[in-house]
$ cat target.txt   # compact mmCIF, C-alpha atoms and all ligand atoms
# COMPACT_ATOMS: atom_id res chain seq x y z
CA MET A 1 -24.60 43.95 33.85
CA ALA A 2 -25.22 41.53 30.97
CA THR A 3 -28.56 39.68 31.00
CA PRO A 4 -28.34 35.82 30.98
CA THR A 5 -29.31 35.83 27.29
CA ALA A 6 -26.65 38.39 26.47
CA ALA A 7 -24.08 36.40 28.48
CA ALA A 8 -25.00 33.20 26.61
CA ALA A 9 -24.80 35.03 23.30
CA SER A 10 -21.36 36.41 24.10
CA ALA A 11 -20.16 32.93 25.26
CA ALA A 12 -21.42 31.51 21.94
CA GLN A 13 -19.68 34.34 20.07
CA LEU A 14 -16.44 33.57 21.94
CA LEU A 15 -16.61 29.89 20.99
CA LYS A 16 -17.38 30.86 17.42
CA SER A 17 -14.26 33.00 17.09
CA GLN A 18 -11.97 31.11 19.52
CA PRO A 19 -9.23 29.15 17.79
CA LEU A 20 -9.57 25.40 17.63
CA ILE A 21 -6.32 23.82 18.77
CA PHE A 22 -5.00 20.78 16.92
CA VAL A 23 -2.99 18.83 19.49
CA THR A 24 -0.49 16.39 18.03
CA GLY A 25 3.13 15.39 18.31
CA SER A 26 3.36 14.93 14.53
CA ALA A 27 4.62 17.81 12.38
CA ASN A 28 3.56 15.88 9.25
CA LYS A 29 -0.05 15.55 10.43
CA LEU A 30 -0.12 19.25 11.31
CA ARG A 31 1.19 20.25 7.87
CA GLU A 32 -1.50 18.20 6.12
CA VAL A 33 -4.30 19.47 8.36
CA GLN A 34 -3.25 23.09 7.79
CA SER A 35 -3.12 22.62 4.06
CA ILE A 36 -6.48 20.78 3.90
CA LEU A 37 -8.35 23.28 6.06
CA GLY A 38 -6.69 26.44 4.73
CA THR A 39 -8.42 29.44 6.29
CA LYS A 40 -11.86 27.81 6.62
CA ILE A 41 -11.34 27.00 10.29
CA HIS A 42 -9.69 29.26 12.85
CA LEU A 43 -6.95 26.77 13.72
CA ALA A 44 -3.99 26.89 16.09
CA SER A 45 -1.69 24.05 17.10
CA HIS A 46 -0.03 22.70 20.17
CA ALA A 47 2.69 20.05 20.10
CA LEU A 48 2.13 17.54 22.87
CA ASP A 49 3.57 14.03 23.10
CA LEU A 50 0.22 12.30 23.55
CA PRO A 51 0.09 8.82 25.11
CA GLU A 52 -0.22 5.88 22.70
CA TYR A 53 -3.49 4.50 24.06
CA GLN A 54 -4.74 1.01 23.17
CA GLY A 55 -8.18 0.17 21.84
CA THR A 56 -10.28 1.07 18.82
CA SER A 57 -9.34 4.11 16.76
CA ALA A 58 -12.46 5.83 18.11
CA SER A 59 -11.59 5.20 21.76
CA VAL A 60 -7.93 6.15 21.24
CA SER A 61 -8.84 9.43 19.53
CA ALA A 62 -11.47 10.29 22.18
CA ALA A 63 -8.99 9.60 25.01
CA LYS A 64 -6.39 11.89 23.37
CA ALA A 65 -8.98 14.68 22.99
CA LYS A 66 -10.18 14.44 26.59
CA LEU A 67 -6.63 14.61 27.90
CA ALA A 68 -5.71 17.50 25.57
CA ALA A 69 -8.86 19.52 26.40
CA SER A 70 -8.33 19.16 30.14
CA THR A 71 -4.58 19.87 29.88
CA LEU A 72 -5.07 23.04 27.81
CA ASN A 73 -8.55 24.01 29.09
CA ARG A 74 -9.52 24.89 25.50
CA PRO A 75 -11.51 23.43 22.60
CA VAL A 76 -9.24 20.94 20.85
CA ILE A 77 -9.07 18.41 18.08
CA THR A 78 -6.87 15.33 18.11
CA GLU A 79 -6.66 12.46 15.69
CA ASP A 80 -5.66 8.85 15.54
CA THR A 81 -4.49 7.15 12.36
CA CYS A 82 -4.59 3.42 11.65
CA LEU A 83 -3.30 1.29 8.82
CA CYS A 84 -5.41 -1.86 8.58
CA PHE A 85 -4.66 -5.04 6.61
CA ASN A 86 -7.78 -6.95 5.53
CA ALA A 87 -5.94 -10.31 5.60
CA LEU A 88 -5.18 -9.66 9.29
CA ASN A 89 -8.70 -8.59 10.25
CA GLY A 90 -7.71 -4.94 10.51
CA LEU A 91 -4.36 -5.28 12.29
CA PRO A 92 -1.92 -3.55 12.80
CA GLY A 93 -4.66 -0.87 12.97
CA PRO A 94 -4.01 1.53 15.88
CA TYR A 95 -0.71 -0.25 16.59
CA ILE A 96 0.79 0.66 13.22
CA LYS A 97 3.21 3.13 14.85
CA TRP A 98 4.96 0.33 16.78
CA PHE A 99 4.91 -2.09 13.86
CA LEU A 100 6.42 0.56 11.60
CA GLU A 101 9.11 1.38 14.16
CA GLY A 102 9.75 -2.32 14.83
CA VAL A 103 9.84 -3.91 11.37
CA GLY A 104 9.79 -1.04 8.85
CA HIS A 105 8.26 -0.96 5.38
CA GLU A 106 9.83 -4.26 4.36
CA GLY A 107 8.66 -6.07 7.47
CA LEU A 108 5.11 -4.78 6.99
CA ASN A 109 5.14 -6.20 3.45
CA LYS A 110 6.54 -9.51 4.75
CA MET A 111 3.67 -9.77 7.21
CA LEU A 112 1.41 -10.20 4.18
CA ALA A 113 3.74 -12.59 2.30
CA GLY A 114 1.63 -15.64 3.13
CA PHE A 115 -1.60 -13.99 1.97
CA GLU A 116 -2.96 -13.41 -1.52
CA ASP A 117 -4.99 -10.47 -0.23
CA LYS A 118 -2.79 -7.36 0.03
CA SER A 119 -5.72 -4.99 0.41
CA GLY A 120 -6.14 -2.66 3.34
CA TYR A 121 -7.31 0.75 4.35
CA ALA A 122 -6.13 3.90 6.07
CA LEU A 123 -8.43 5.09 8.81
CA CYS A 124 -8.36 8.49 10.48
CA THR A 125 -10.52 9.45 13.44
CA PHE A 126 -10.67 13.08 14.51
CA ALA A 127 -12.08 13.91 17.93
CA TYR A 128 -13.47 17.36 18.69
CA CYS A 129 -13.66 18.19 22.38
CA ALA A 130 -15.21 21.60 23.22
CA GLY A 131 -13.60 21.78 26.69
CA PRO A 132 -12.56 19.83 29.79
CA ASP A 133 -16.13 18.80 30.68
CA ALA A 134 -17.34 18.05 27.14
CA GLU A 135 -17.66 14.63 25.54
CA PRO A 136 -15.54 14.22 22.38
CA ILE A 137 -17.39 14.02 19.06
CA LEU A 138 -15.82 11.74 16.45
CA PHE A 139 -15.38 12.04 12.69
CA GLU A 140 -14.01 9.13 10.67
CA GLY A 141 -12.40 9.06 7.25
CA ARG A 142 -11.34 5.94 5.40
CA THR A 143 -9.37 5.40 2.19
CA GLU A 144 -9.15 1.94 0.62
CA GLY A 145 -5.96 0.68 -1.01
CA ARG A 146 -3.30 -1.99 -0.99
CA ILE A 147 0.04 -2.60 0.65
CA VAL A 148 2.96 -2.56 -1.80
CA PRO A 149 6.79 -2.65 -1.62
CA ALA A 150 7.98 0.87 -0.69
CA ARG A 151 8.01 3.45 -3.50
CA GLY A 152 8.64 7.18 -3.15
CA PRO A 153 10.21 9.42 -0.50
CA ALA A 154 10.12 8.11 3.05
CA ASN A 155 9.11 11.41 4.66
CA PHE A 156 5.93 10.40 6.41
CA GLY A 157 5.22 7.07 8.13
CA TRP A 158 3.87 4.32 5.90
CA ASP A 159 3.11 6.60 2.90
CA PRO A 160 5.58 4.68 0.63
CA ILE A 161 3.79 1.31 1.08
CA PHE A 162 0.18 2.47 0.68
CA GLU A 163 -1.27 2.64 -2.83
CA PRO A 164 -4.80 4.04 -2.70
CA SER A 165 -7.43 2.31 -4.88
CA GLY A 166 -7.81 3.91 -8.31
CA PHE A 167 -4.20 5.18 -8.35
CA THR A 168 -0.92 3.72 -9.61
CA GLN A 169 1.16 5.84 -7.24
CA THR A 170 1.68 5.37 -3.52
CA TYR A 171 0.76 8.17 -1.11
CA ALA A 172 4.50 8.99 -0.99
CA GLU A 173 4.85 9.23 -4.78
CA MET A 174 1.82 11.39 -5.42
CA ASP A 175 1.74 15.14 -5.17
CA LYS A 176 0.66 16.35 -1.71
CA SER A 177 -2.17 18.24 -3.38
CA VAL A 178 -3.52 14.89 -4.65
CA LYS A 179 -3.08 13.01 -1.35
CA ASN A 180 -4.86 15.84 0.44
CA THR A 181 -8.00 15.44 -1.69
CA ILE A 182 -8.38 11.66 -1.33
CA SER A 183 -6.74 10.76 1.97
CA HIS A 184 -8.25 9.25 5.12
CA ARG A 185 -7.33 12.54 6.84
CA TYR A 186 -9.06 14.68 4.19
CA ARG A 187 -12.26 12.59 4.42
CA ALA A 188 -12.42 12.84 8.22
CA LEU A 189 -11.71 16.58 8.11
CA ALA A 190 -14.49 17.15 5.57
CA LYS A 191 -16.96 15.73 8.14
CA LEU A 192 -15.47 17.76 11.00
CA GLN A 193 -15.57 20.91 8.90
CA ALA A 194 -19.23 20.34 8.00
CA TYR A 195 -20.09 19.90 11.70
CA LEU A 196 -18.26 23.08 12.73
CA ALA A 197 -19.87 25.08 9.90
CA GLU A 198 -23.34 23.79 10.82
CA HIS A 199 -22.84 24.88 14.44
CA GLY A 200 -20.99 28.11 13.60
CA LEU A 201 -17.91 27.04 15.58
CA HIS A 202 -14.31 28.22 15.11
CA GLN A 203 -15.06 29.66 11.69
CA GLY A 204 -12.20 31.30 9.81
CA GLN A 205 -12.40 33.25 6.59
CA GLN A 206 -14.52 31.33 4.06
O1 LIG B 301 0.66 12.82 18.47
P1 LIG B 301 -0.14 12.00 17.52
O2 LIG B 301 -1.19 12.80 16.79
O3 LIG B 301 -0.67 10.74 18.13
O4 LIG B 301 0.89 11.59 16.33
P2 LIG B 301 1.54 10.13 16.05
O5 LIG B 301 2.61 10.34 15.02
O6 LIG B 301 1.89 9.47 17.33
O7 LIG B 301 0.36 9.37 15.30
P3 LIG B 301 -0.55 8.11 15.73
O8 LIG B 301 -0.44 7.84 17.19
O9 LIG B 301 -1.90 8.37 15.15
O10 LIG B 301 0.15 6.90 14.97
C1 LIG B 301 -0.02 6.73 13.60
C2 LIG B 301 1.22 6.19 12.92
O11 LIG B 301 0.96 6.26 11.51
C3 LIG B 301 1.79 7.25 10.90
N1 LIG B 301 0.91 8.08 10.06
C4 LIG B 301 -0.11 8.87 10.46
N2 LIG B 301 -0.72 9.45 9.40
C5 LIG B 301 -0.06 9.01 8.30
C6 LIG B 301 -0.21 9.26 6.93
O12 LIG B 301 -1.14 10.07 6.45
N3 LIG B 301 0.65 8.66 6.08
C7 LIG B 301 1.62 7.83 6.54
N4 LIG B 301 1.84 7.56 7.83
C8 LIG B 301 0.99 8.13 8.71
C9 LIG B 301 2.43 8.04 12.02
O13 LIG B 301 3.72 8.49 11.62
C10 LIG B 301 2.48 7.00 13.14
O14 LIG B 301 3.60 6.15 12.98
MG MG B 302 0.37 9.00 18.75

$ encode --input "target.txt" --output "structure tokens"
Amino acid sequence: MATPTAAAASAAQLLKSQPLIFVTGSANKLREVQSILGTKIHLASHALDLPEYQGTSASVSAAKAKLAASTLNRPVITEDTCLCFNALNGLPGPYIKWFLEGVGHEGLNKMLAGFEDKSGYALCTFAYCAGPDAEPILFEGRTEGRIVPARGPANFGWDPIFEPSGFTQTYAEMDKSVKNTISHRYRALAKLQAYLAEHGLHQGQQ
């Protein structure tokens, strides 16, 4: 029979090699996460229509992760993405999905018509939850920019109306390989990846 130390070591080994499951209902998010992480993390995915919780990005992301970890009984990551307008004190923020569905790119621009300040930021919060009884750990990434009339293909959310600072192209116009090295999602994943590497968790081929 395995000694307690051997059992703990084999549990740690299991966690180290067990896939980390990215739970999302968004194929676009999944594609970006896979291309940003490559083979560095042992990643799998599970499509789940997660509830649209209310609250801060941190609390929304943590609630998604807790639900996903207890539903799947596995280590999971989830994420929440916000688009925040500085003139509106950070709104629409976590409610961007409904605003986008309700008023579209043009309506989002019109919301800022009465303001000189068109600046804003994209905020992504990943939550890592090691299992049903674990507390989610959060990793935030933020990219500054401004809201502009839509330019570029309308394949992914509000990409056509967000022009990141330091660039003349919107997220939608730029090559995916560029977006994936400056985006809110990339910045949050860099922190998550550093945490997992430090703790030897879910490591893929480096
Ligand atoms: O299942 P989940 O992961 O929640 O996927 P979702 O699509 O519902 O995503 P959110 O709840 O985080 O809502 C974020 C909204 O912003 C959009 N979005 C997310 N990331 C984006 C990005 O990088 N560029 C443009 N739009 C994005 C997305 O399509 C939603 O309308
Ligand atoms: Mg959602």

$ residues_around --input "target.txt" --residues "Glu163 of chain A" --least-positions-apart "6" --cutoff "6 Å" --atoms "all atoms listed in the file" --output "list in words"
Gly145, Arg146, Gln169 and Thr170 of chain A

$ write_last_selection --input "target.txt" --atoms "C-alpha atoms" --output "compact mmCIF listing (two decimals), in the coordinates of the input"
# COMPACT_ATOMS: atom_id res chain seq x y z
CA GLY A 145 -5.96 0.68 -1.01
CA ARG A 146 -3.30 -1.99 -0.99
CA GLN A 169 1.16 5.84 -7.24
CA THR A 170 1.68 5.37 -3.52

$ closest_atom_pairs --input "target.txt" --of "chain A" --to "ligand LIG 301 (chain B)" --cutoff "7 Å" --atoms "all atoms listed in the file" --output "CSV"
residue,atom,partner,partner_atom,distance
A:Val23,CA,B:LIG301,O2,6.8
A:Thr24,CA,B:LIG301,O1,3.8
A:Gly25,CA,B:LIG301,O1,3.6
A:Ser26,CA,B:LIG301,O4,4.5
A:Lys29,CA,B:LIG301,N2,6.2
A:Leu48,CA,B:LIG301,O1,6.6
A:Asp49,CA,B:LIG301,O1,5.6
A:Leu50,CA,B:LIG301,O1,5.1
A:Glu52,CA,B:LIG301,O8,5.9
A:Thr78,CA,B:LIG301,O2,6.4
A:Glu79,CA,B:LIG301,O2,5.6
A:Asp80,CA,B:LIG301,O9,3.8
A:Thr81,CA,B:LIG301,O9,4.0
A:Cys82,CA,B:LIG301,C1,6.0
A:Pro94,CA,B:LIG301,O10,6.9
A:Ile96,CA,B:LIG301,C2,5.6
A:Lys97,CA,B:LIG301,O14,3.6
A:Leu100,CA,B:LIG301,O14,6.4
A:Phe156,CA,B:LIG301,C7,5.0
A:Gly157,CA,B:LIG301,N4,3.4
A:Trp158,CA,B:LIG301,C7,4.2
A:Asp159,CA,B:LIG301,C7,4.1
A:Arg185,CA,B:LIG301,O12,6.7

$ atom_distance --input "target.txt" --atom1 "atom CA of Ala172 of chain A" --atom2 "atom CA of Gly152 of chain A"
5.0 Å

$ atom_distance --input "target.txt" --atom1 "atom CA of Ile36 of chain A" --atom2 "atom CA of Gly90 of chain A"
26.6 Å

$ residues_around --input "target.txt" --residues "segment 136-138 of chain A" --least-positions-apart "3" --cutoff "12 Å" --atoms "only C-alpha atoms" --output "number ranges by chain"
A: 57-70, 75-80, 124-133, 141, 188-189, 191-193, 195-196

$ atom_distance --input "target.txt" --atom1 "atom CA of Trp98 of chain A" --atom2 "atom CA of Phe162 of chain A"
16.9 Å

$ residues_around --input "target.txt" --residues "Val178 of chain A" --least-positions-apart "4" --cutoff "12 Å" --atoms "all atoms listed in the file" --output "PyMOL selection string"
chain A and resi 32+35-36+164+167+169-174+182-183+186

$ write_last_selection --input "target.txt" --atoms "C-alpha atoms" --output "CSV table (one decimal), in the frame of the given file"
chain,number,residue,atom,x,y,z
A,32,GLU,CA,-1.5,18.2,6.1
A,35,SER,CA,-3.1,22.6,4.1
A,36,ILE,CA,-6.5,20.8,3.9
A,164,PRO,CA,-4.8,4.0,-2.7
A,167,PHE,CA,-4.2,5.2,-8.4
A,169,GLN,CA,1.2,5.8,-7.2
A,170,THR,CA,1.7,5.4,-3.5
A,171,TYR,CA,0.8,8.2,-1.1
A,172,ALA,CA,4.5,9.0,-1.0
A,173,GLU,CA,4.8,9.2,-4.8
A,174,MET,CA,1.8,11.4,-5.4
A,182,ILE,CA,-8.4,11.7,-1.3
A,183,SER,CA,-6.7,10.8,2.0
A,186,TYR,CA,-9.1,14.7,4.2

$ closest_residue --input "target.txt" --among "A:Lys16, A:Ala7, A:Gly166, A:Gln54" --to "ligand MG 302 (chain B)" --atoms "all atoms listed in the file"
A:Gln54

$ closest_residue --input "target.txt" --among "A:His202, A:Lys179, A:His184, A:Arg142" --to "Ile41 of chain A" --atoms "all atoms listed in the file"
A:His202

$ closest_residue --input "target.txt" --among "A:Ala190, A:Ile21, A:Ala8, A:Leu201" --to "Asn73 of chain A" --atoms "all atoms listed in the file"
A:Ile21

$ residues_around --input "target.txt" --residues "Gln205 of chain A" --least-positions-apart "2" --cutoff "12 Å" --atoms "all atoms listed in the file" --output "number ranges by chain"
A: 17, 37-43, 197, 202-203

$ residues_around --input "target.txt" --residues "Phe99 of chain A" --least-positions-apart "6" --cutoff "9 Å" --atoms "all atoms listed in the file" --output "list of chain:residue names"
A:Pro92, A:Gly107, A:Leu108

$ write_last_selection --input "target.txt" --atoms "C-alpha atoms" --output "mmCIF file, in the frame of the given file"
data_model
loop_
_atom_site.group_PDB
_atom_site.id
_atom_site.type_symbol
_atom_site.label_atom_id
_atom_site.label_comp_id
_atom_site.auth_asym_id
_atom_site.auth_seq_id
_atom_site.Cartn_x
_atom_site.Cartn_y
_atom_site.Cartn_z
ATOM 1 C CA PRO A 92 -1.920 -3.550 12.800
ATOM 2 C CA GLY A 107 8.660 -6.070 7.470
ATOM 3 C CA LEU A 108 5.110 -4.780 6.990
#

$ closest_residue --input "target.txt" --among "A:Phe22, A:Pro153, A:Tyr95, A:Thr168" --to "ligand MG 302 (chain B)" --atoms "all atoms listed in the file"
A:Tyr95

$ closest_residue --input "target.txt" --among "A:Tyr53, A:Gly104, A:Val33, A:Arg151" --to "ligand MG 302 (chain B)" --atoms "all atoms listed in the file"
A:Tyr53

$ closest_residue --input "target.txt" --among "A:Ala113, A:Leu91, A:Leu20, A:Ala27" --to "ligand MG 302 (chain B)" --atoms "only C-alpha atoms and all ligand atoms"
A:Ala27
